[in-house]
Amino acid sequence: MIRNKKLFKVFTILGIVSLIISCKESKKETINIEPEVAGIQKLEVSNNGHYFQTEDGKPFFWLGDTGWLTFKKLNRDEIKTYFQDRKAKGFNVIQIMTLHSEEMTNIYGDSALVNKDVSKPLITEGNDFENPEMYDFWDHVDYALDVAEENDLYLGMVPIWGTSVKGGKVNLEQAKAYANFLGDRFKDRRNIIWLNGGDTPGEENTEIWNAIGSILKSKNPQALVTFHPFGRTDSSDNYHDVSWLDFNMFQSGHRRYDQETEGKMYAQDNYKYVNVDFNLKPTKPTLDGEPSYEGIPQGLHDTLQPLWTNNDLRRYAYWSVFAGGAGFTYGHNAVMQMFSAGDNPAYGNKKLWIDAINDPGAQQMKFVKDLILKFPYFNRIPDATLIANQGEKYDYLAATRGEDYALIYTYNARNISINMGKIKGEEVEASWYNPKNGAITKVGTFKNEGIQEFKPSGEPIDGNDWVLILTSKQ
């Protein structure tokens, strides 16, 4: 502390003079400091066109969950529970039907539409939950969006499920009016991704889907827009070149290899959709927006068939992401329909959604995101030439790499033979990554030349999956 008043005045004057000189000198060089973005960030397509990023340029790996009937079946407390759980498990996108059908109501009995007419959303004044006359279906959607934002979640919202359009319940003028309503109501939301379509053939009703997509994109230019297609088809089949489509989404579907009877379909080989999309021009991200759900019958409709398991969901995730996918959407039979006690189950489901959110697959999905984000993100490419002993079906080995790392996935602990020299360095360090728990086990150092063989731990059986990590030795 300065106790001499004269000295204090001198130091004060000197400080002011110094501040004036500093300010004058600072004018010589102007530095623009961008303000930090408050709240959830807008999503963008990365500069190379293959992936997503937040508006500050950081990688965004899409890890989605299919909570299709959230708006219809869950109350406010349940929405909080579900979203908080998904955030804790590493998910960042929830895919939801805005309108499951034109008869849509929520858990409180609020109808979404006037007389089932999509051009006439049912709106009441105010949004007071304690007063039912001042709280409506669309207020409930707003509430869900608020809770999602609090949990750093984006909602992939399907405007109206394809069944209504396919069934002739929505004409072009109604679709335009509805899309304008959505665009105006949600224009300031930063955590909406529009999933046009909704489990519907892309080649049908194209005028309606193009109208909805175009209006949403013009009203909400900050929101990403795609098309959620029918099973075993891809948005790129019909909409890749349209201006409103920012990224591609395919539905690899729920069939086994022996259940696939149609020519062009890829059955369980979901990476083949990515192979096609990754090389299309203009370049756009792509991802599997609906693979087989955990806990759903193989083939979907015959409830006597075996159920798809967490092993299968991991395989779909790593296969499609290593092929160049910008992320992956997980699903569970009970969660997608938000099955509660007393409900009439679809697809033979017997598990409550509140229990199913903790099934193994949901807990393991975060490990694919964690692994990809450990390495430089935007220069990652698929590279099948890494594999010297490629197999088919469950023996397929998926490979991706950057400049100084490579990742190779085996679903059944096959020996992996690698064509070395694809990444930098004279030597590489090898490790095994466990997709079930994210554990990493170091193997050793190897020459980065010729063909090297790596043997995973355990028996060579389906579901004993591993990722081989190779990194350039520094």
# chains A, B, ... in the order shown; residues from 1 in each chain; ligands from 1
>>> residues_around(residues="Gly197 (chain A)", least_positions_apart="5", cutoff="7 Å", atoms="only C-alpha atoms", output="count of residues only")
7
>>> closest_atom_pairs(of="region 352-452 of chain A", to="region 48-62 of chain A", cutoff="12 Å", atoms="only C-alpha atoms", output="tab-separated table")
residue	atom	partner	partner_atom	distance
A:Met365	CA	A:Trp62	CA	11.1
A:Lys366	CA	A:Phe61	CA	10.4
A:Phe367	CA	A:Phe61	CA	11.7
A:Val368	CA	A:Phe61	CA	9.6
A:Lys369	CA	A:Phe61	CA	6.5
A:Asp370	CA	A:Phe61	CA	9.3
A:Leu371	CA	A:Phe61	CA	10.7
A:Ile372	CA	A:Phe61	CA	8.2
A:Leu373	CA	A:Phe61	CA	7.8
A:Lys374	CA	A:Pro59	CA	11.0
A:Phe375	CA	A:Pro59	CA	10.7
A:Pro376	CA	A:Pro59	CA	9.2
A:Tyr377	CA	A:Pro59	CA	6.6
A:Phe378	CA	A:Tyr51	CA	7.1
A:Asn379	CA	A:Asn48	CA	8.3
A:Arg380	CA	A:His50	CA	9.4
A:Ile381	CA	A:His50	CA	9.2
A:Pro382	CA	A:His50	CA	11.2
>>> write_last_selection(atoms="N, CA and C atoms", output="PDB file, in the first residue's frame")
ATOM      1  N   MET A 365     -22.168 -46.848 -27.293  1.00  0.00           N
ATOM      2  CA  MET A 365     -22.060 -46.016 -28.490  1.00  0.00           C
ATOM      3  C   MET A 365     -21.043 -44.883 -28.328  1.00  0.00           C
ATOM      4  N   LYS A 366     -20.900 -44.364 -27.114  1.00  0.00           N
ATOM      5  CA  LYS A 366     -20.000 -43.226 -26.917  1.00  0.00           C
ATOM      6  C   LYS A 366     -18.557 -43.568 -27.245  1.00  0.00           C
ATOM      7  N   PHE A 367     -18.215 -44.849 -27.224  1.00  0.00           N
ATOM      8  CA  PHE A 367     -16.817 -45.209 -27.425  1.00  0.00           C
ATOM      9  C   PHE A 367     -16.369 -45.039 -28.870  1.00  0.00           C
ATOM     10  N   VAL A 368     -17.298 -45.131 -29.826  1.00  0.00           N
ATOM     11  CA  VAL A 368     -16.905 -44.857 -31.215  1.00  0.00           C
ATOM     12  C   VAL A 368     -16.648 -43.364 -31.384  1.00  0.00           C
ATOM     13  N   LYS A 369     -17.479 -42.530 -30.765  1.00  0.00           N
ATOM     14  CA  LYS A 369     -17.250 -41.087 -30.826  1.00  0.00           C
ATOM     15  C   LYS A 369     -15.948 -40.712 -30.130  1.00  0.00           C
ATOM     16  N   ASP A 370     -15.732 -41.282 -28.948  1.00  0.00           N
ATOM     17  CA  ASP A 370     -14.509 -40.986 -28.201  1.00  0.00           C
ATOM     18  C   ASP A 370     -13.269 -41.341 -29.020  1.00  0.00           C
ATOM     19  N   LEU A 371     -13.308 -42.489 -29.676  1.00  0.00           N
ATOM     20  CA  LEU A 371     -12.146 -42.934 -30.449  1.00  0.00           C
ATOM     21  C   LEU A 371     -11.854 -41.995 -31.612  1.00  0.00           C
ATOM     22  N   ILE A 372     -12.884 -41.667 -32.382  1.00  0.00           N
ATOM     23  CA  ILE A 372     -12.676 -40.804 -33.549  1.00  0.00           C
ATOM     24  C   ILE A 372     -12.147 -39.434 -33.133  1.00  0.00           C
ATOM     25  N   LEU A 373     -12.638 -38.910 -32.019  1.00  0.00           N
ATOM     26  CA  LEU A 373     -12.238 -37.570 -31.591  1.00  0.00           C
ATOM     27  C   LEU A 373     -10.870 -37.543 -30.911  1.00  0.00           C
ATOM     28  N   LYS A 374     -10.241 -38.701 -30.707  1.00  0.00           N
ATOM     29  CA  LYS A 374      -8.879 -38.725 -30.178  1.00  0.00           C
ATOM     30  C   LYS A 374      -7.859 -38.261 -31.207  1.00  0.00           C
ATOM     31  N   PHE A 375      -8.240 -38.257 -32.476  1.00  0.00           N
ATOM     32  CA  PHE A 375      -7.285 -38.016 -33.562  1.00  0.00           C
ATOM     33  C   PHE A 375      -7.709 -36.810 -34.393  1.00  0.00           C
ATOM     34  N   PRO A 376      -6.760 -36.236 -35.159  1.00  0.00           N
ATOM     35  CA  PRO A 376      -7.123 -35.125 -36.053  1.00  0.00           C
ATOM     36  C   PRO A 376      -8.339 -35.510 -36.886  1.00  0.00           C
ATOM     37  N   TYR A 377      -9.339 -34.644 -36.865  1.00  0.00           N
ATOM     38  CA  TYR A 377     -10.675 -35.046 -37.329  1.00  0.00           C
ATOM     39  C   TYR A 377     -10.919 -34.817 -38.814  1.00  0.00           C
ATOM     40  N   PHE A 378     -10.617 -33.636 -39.290  1.00  0.00           N
ATOM     41  CA  PHE A 378     -11.112 -33.243 -40.604  1.00  0.00           C
ATOM     42  C   PHE A 378     -10.328 -33.850 -41.769  1.00  0.00           C
ATOM     43  N   ASN A 379      -9.120 -34.378 -41.517  1.00  0.00           N
ATOM     44  CA  ASN A 379      -8.370 -34.989 -42.615  1.00  0.00           C
ATOM     45  C   ASN A 379      -8.525 -36.506 -42.647  1.00  0.00           C
ATOM     46  N   ARG A 380      -9.454 -37.035 -41.851  1.00  0.00           N
ATOM     47  CA  ARG A 380      -9.663 -38.487 -41.834  1.00  0.00           C
ATOM     48  C   ARG A 380     -10.329 -38.960 -43.117  1.00  0.00           C
ATOM     49  N   ILE A 381      -9.828 -40.063 -43.674  1.00  0.00           N
ATOM     50  CA  ILE A 381     -10.401 -40.634 -44.891  1.00  0.00           C
ATOM     51  C   ILE A 381     -10.578 -42.143 -44.713  1.00  0.00           C
ATOM     52  N   PRO A 382     -11.511 -42.747 -45.438  1.00  0.00           N
ATOM     53  CA  PRO A 382     -11.549 -44.216 -45.481  1.00  0.00           C
ATOM     54  C   PRO A 382     -10.419 -44.715 -46.365  1.00  0.00           C
TER      55      PRO A 382
END
>>> residues_around(residues="region 89-94 of chain A", least_positions_apart="5", cutoff="10 Å", atoms="only C-alpha atoms", output="PyMOL selection string")
chain A and resi 60-68+70+83-84+148+151-157+191-193+328-330+357-358+362-367+369-370
>>> write_last_selection(atoms="C-alpha atoms", output="mmCIF file, in the first residue's frame")
data_model
loop_
_atom_site.group_PDB
_atom_site.id
_atom_site.type_symbol
_atom_site.label_atom_id
_atom_site.label_comp_id
_atom_site.auth_asym_id
_atom_site.auth_seq_id
_atom_site.Cartn_x
_atom_site.Cartn_y
_atom_site.Cartn_z
ATOM 1 C CA PHE A 60 -18.941 -32.354 -34.289
ATOM 2 C CA PHE A 61 -19.342 -36.122 -34.422
ATOM 3 C CA TRP A 62 -23.040 -36.929 -34.809
ATOM 4 C CA LEU A 63 -24.056 -39.528 -32.221
ATOM 5 C CA GLY A 64 -27.800 -39.856 -32.498
ATOM 6 C CA ASP A 65 -30.587 -41.743 -30.792
ATOM 7 C CA THR A 66 -34.029 -42.475 -32.211
ATOM 8 C CA GLY A 67 -36.568 -41.116 -29.732
ATOM 9 C CA TRP A 68 -39.215 -40.934 -32.443
ATOM 10 C CA THR A 70 -40.847 -38.185 -27.600
ATOM 11 C CA PHE A 83 -32.467 -36.029 -22.410
ATOM 12 C CA GLN A 84 -30.276 -35.957 -19.305
ATOM 13 C CA ALA A 148 -32.509 -30.295 -25.177
ATOM 14 C CA ASN A 151 -28.330 -30.662 -22.247
ATOM 15 C CA ASP A 152 -26.329 -29.682 -25.361
ATOM 16 C CA LEU A 153 -28.598 -31.795 -27.559
ATOM 17 C CA TYR A 154 -29.768 -31.133 -31.103
ATOM 18 C CA LEU A 155 -33.211 -32.391 -32.125
ATOM 19 C CA GLY A 156 -33.433 -33.956 -35.563
ATOM 20 C CA MET A 157 -37.092 -33.188 -36.205
ATOM 21 C CA ASN A 191 -30.550 -26.803 -32.002
ATOM 22 C CA ILE A 192 -32.907 -28.014 -34.735
ATOM 23 C CA ILE A 193 -31.862 -30.270 -37.608
ATOM 24 C CA PHE A 328 -24.045 -42.672 -36.513
ATOM 25 C CA THR A 329 -27.574 -42.998 -35.122
ATOM 26 C CA TYR A 330 -28.290 -45.727 -32.580
ATOM 27 C CA ILE A 357 -32.212 -46.570 -22.025
ATOM 28 C CA ASN A 358 -29.596 -48.477 -20.010
ATOM 29 C CA ALA A 362 -26.751 -47.335 -25.545
ATOM 30 C CA GLN A 363 -23.858 -47.394 -23.079
ATOM 31 C CA GLN A 364 -21.300 -48.471 -25.683
ATOM 32 C CA MET A 365 -22.060 -46.016 -28.490
ATOM 33 C CA LYS A 366 -20.000 -43.226 -26.917
ATOM 34 C CA PHE A 367 -16.817 -45.209 -27.425
ATOM 35 C CA LYS A 369 -17.250 -41.087 -30.826
ATOM 36 C CA ASP A 370 -14.509 -40.986 -28.201
#
>>> residues_around(residues="region 108-125 of chain A", least_positions_apart="6", cutoff="7 Å", atoms="only C-alpha atoms", output="tab-separated table (two decimals) with C-alpha atoms, in the first residue's frame")
chain	number	residue	atom	x	y	z
A	102	GLU	CA	-52.24	-35.93	-38.70
A	134	MET	CA	-52.75	-21.40	-22.40
A	135	TYR	CA	-50.53	-24.41	-23.18
A	136	ASP	CA	-50.66	-26.37	-26.42
A	137	PHE	CA	-48.87	-29.06	-28.40
A	138	TRP	CA	-46.41	-26.59	-29.89
A	174	GLN	CA	-51.07	-27.95	-47.10
A	175	ALA	CA	-47.43	-29.01	-47.03
A	177	ALA	CA	-48.43	-23.85	-45.35
A	178	TYR	CA	-47.17	-26.27	-42.69
>>> select_by_dssp(residues="region 60-179 of chain A", states="strand (DSSP E or B)", output="PyMOL selection string")
chain A and resi 60+62-66+93-97+105+111+113-114+117-121+154-158
>>> write_last_selection(atoms="C-alpha atoms", output="PDB file, in the first residue's frame")
ATOM      1  CA  PHE A  60     -18.941 -32.354 -34.289  1.00  0.00           C
ATOM      2  CA  TRP A  62     -23.040 -36.929 -34.809  1.00  0.00           C
ATOM      3  CA  LEU A  63     -24.056 -39.528 -32.221  1.00  0.00           C
ATOM      4  CA  GLY A  64     -27.800 -39.856 -32.498  1.00  0.00           C
ATOM      5  CA  ASP A  65     -30.587 -41.743 -30.792  1.00  0.00           C
ATOM      6  CA  THR A  66     -34.029 -42.475 -32.211  1.00  0.00           C
ATOM      7  CA  VAL A  93     -28.667 -35.677 -31.469  1.00  0.00           C
ATOM      8  CA  ILE A  94     -32.159 -37.034 -30.776  1.00  0.00           C
ATOM      9  CA  GLN A  95     -34.274 -37.904 -33.838  1.00  0.00           C
ATOM     10  CA  ILE A  96     -37.977 -37.191 -33.268  1.00  0.00           C
ATOM     11  CA  MET A  97     -41.210 -37.165 -35.245  1.00  0.00           C
ATOM     12  CA  THR A 105     -51.692 -35.407 -29.752  1.00  0.00           C
ATOM     13  CA  SER A 111     -53.879 -31.845 -30.558  1.00  0.00           C
ATOM     14  CA  LEU A 113     -53.686 -29.662 -35.698  1.00  0.00           C
ATOM     15  CA  VAL A 114     -57.163 -28.310 -36.288  1.00  0.00           C
ATOM     16  CA  ASP A 117     -55.277 -30.444 -41.307  1.00  0.00           C
ATOM     17  CA  VAL A 118     -51.482 -29.913 -41.395  1.00  0.00           C
ATOM     18  CA  SER A 119     -52.000 -26.438 -42.837  1.00  0.00           C
ATOM     19  CA  LYS A 120     -53.779 -25.459 -39.595  1.00  0.00           C
ATOM     20  CA  PRO A 121     -51.599 -25.999 -36.496  1.00  0.00           C
ATOM     21  CA  TYR A 154     -29.768 -31.133 -31.103  1.00  0.00           C
ATOM     22  CA  LEU A 155     -33.211 -32.391 -32.125  1.00  0.00           C
ATOM     23  CA  GLY A 156     -33.433 -33.956 -35.563  1.00  0.00           C
ATOM     24  CA  MET A 157     -37.092 -33.188 -36.205  1.00  0.00           C
ATOM     25  CA  VAL A 158     -39.121 -34.920 -38.935  1.00  0.00           C
TER      26      VAL A 158
END
>>> closest_residue(among="A:Gly342, A:Gly167, A:Gly444, A:Gly450", to="Ile387 (chain A)", atoms="only C-alpha atoms")
A:Gly450
>>> closest_residue(among="A:Pro297, A:Gly39, A:Gly463, A:Gly126", to="Asn349 (chain A)", atoms="only C-alpha atoms")
A:Pro297
>>> select_by_dssp(residues="region 350-466 of chain A", states="helix (DSSP H, G or I)", output="number ranges by chain")
A: 353-356, 360-364, 366-372, 384-386, 393-395
>>> atom_distance(atom1="CA of Gln298 (chain A)", atom2="CA of Ile461 (chain A)")
19.3 Å
>>> residues_around(residues="region 304-308 of chain A", least_positions_apart="5", cutoff="10 Å", atoms="only C-alpha atoms", output="PyMOL selection string")
chain A and resi 254-256+292-299+313+332-333+348
>>> write_last_selection(atoms="N, CA and C atoms", output="mmCIF file, in the first residue's frame")
data_model
loop_
_atom_site.group_PDB
_atom_site.id
_atom_site.type_symbol
_atom_site.label_atom_id
_atom_site.label_comp_id
_atom_site.auth_asym_id
_atom_site.auth_seq_id
_atom_site.Cartn_x
_atom_site.Cartn_y
_atom_site.Cartn_z
ATOM 1 N N HIS A 254 -33.367 -53.254 -41.179
ATOM 2 C CA HIS A 254 -33.404 -54.241 -40.097
ATOM 3 C C HIS A 254 -33.296 -55.690 -40.583
ATOM 4 N N ARG A 255 -32.882 -55.907 -41.810
ATOM 5 C CA ARG A 255 -32.846 -57.267 -42.352
ATOM 6 C C ARG A 255 -31.469 -57.915 -42.241
ATOM 7 N N ARG A 256 -31.470 -59.243 -42.116
ATOM 8 C CA ARG A 256 -30.245 -60.040 -42.206
ATOM 9 C C ARG A 256 -29.869 -60.226 -43.665
ATOM 10 N N SER A 292 -30.394 -51.356 -37.803
ATOM 11 C CA SER A 292 -31.195 -52.255 -36.974
ATOM 12 C C SER A 292 -31.189 -51.757 -35.538
ATOM 13 N N TYR A 293 -32.356 -51.775 -34.903
ATOM 14 C CA TYR A 293 -32.450 -51.343 -33.508
ATOM 15 C C TYR A 293 -32.033 -52.474 -32.566
ATOM 16 N N GLU A 294 -31.416 -52.099 -31.473
ATOM 17 C CA GLU A 294 -31.181 -53.067 -30.409
ATOM 18 C C GLU A 294 -32.539 -53.533 -29.884
ATOM 19 N N GLY A 295 -32.693 -54.859 -29.741
ATOM 20 C CA GLY A 295 -33.915 -55.397 -29.158
ATOM 21 C C GLY A 295 -35.082 -55.529 -30.117
ATOM 22 N N ILE A 296 -34.832 -55.407 -31.438
ATOM 23 C CA ILE A 296 -35.925 -55.550 -32.408
ATOM 24 C C ILE A 296 -35.713 -56.829 -33.211
ATOM 25 N N PRO A 297 -36.791 -57.501 -33.663
ATOM 26 C CA PRO A 297 -36.612 -58.760 -34.395
ATOM 27 C C PRO A 297 -35.830 -58.568 -35.698
ATOM 28 N N GLN A 298 -34.996 -59.502 -36.008
ATOM 29 C CA GLN A 298 -34.267 -59.488 -37.269
ATOM 30 C C GLN A 298 -35.266 -59.665 -38.410
ATOM 31 N N GLY A 299 -35.284 -58.699 -39.312
ATOM 32 C CA GLY A 299 -36.288 -58.690 -40.352
ATOM 33 C C GLY A 299 -37.494 -57.844 -40.000
ATOM 34 N N LEU A 313 -25.172 -53.421 -33.222
ATOM 35 C CA LEU A 313 -25.147 -51.957 -33.286
ATOM 36 C C LEU A 313 -23.716 -51.430 -33.319
ATOM 37 N N HIS A 332 -33.146 -48.197 -30.275
ATOM 38 C CA HIS A 332 -33.614 -49.326 -29.460
ATOM 39 C C HIS A 332 -35.112 -49.473 -29.679
ATOM 40 N N ASN A 333 -35.569 -50.707 -29.782
ATOM 41 C CA ASN A 333 -36.976 -50.995 -30.053
ATOM 42 C C ASN A 333 -37.900 -50.320 -29.046
ATOM 43 N N GLY A 348 -43.096 -56.607 -31.217
ATOM 44 C CA GLY A 348 -42.874 -57.577 -30.146
ATOM 45 C C GLY A 348 -42.167 -57.048 -28.925
#
>>> closest_residue(among="A:Glu44, A:Glu426, A:Glu403, A:Asp277", to="Ala223 (chain A)", atoms="only C-alpha atoms")
A:Glu44
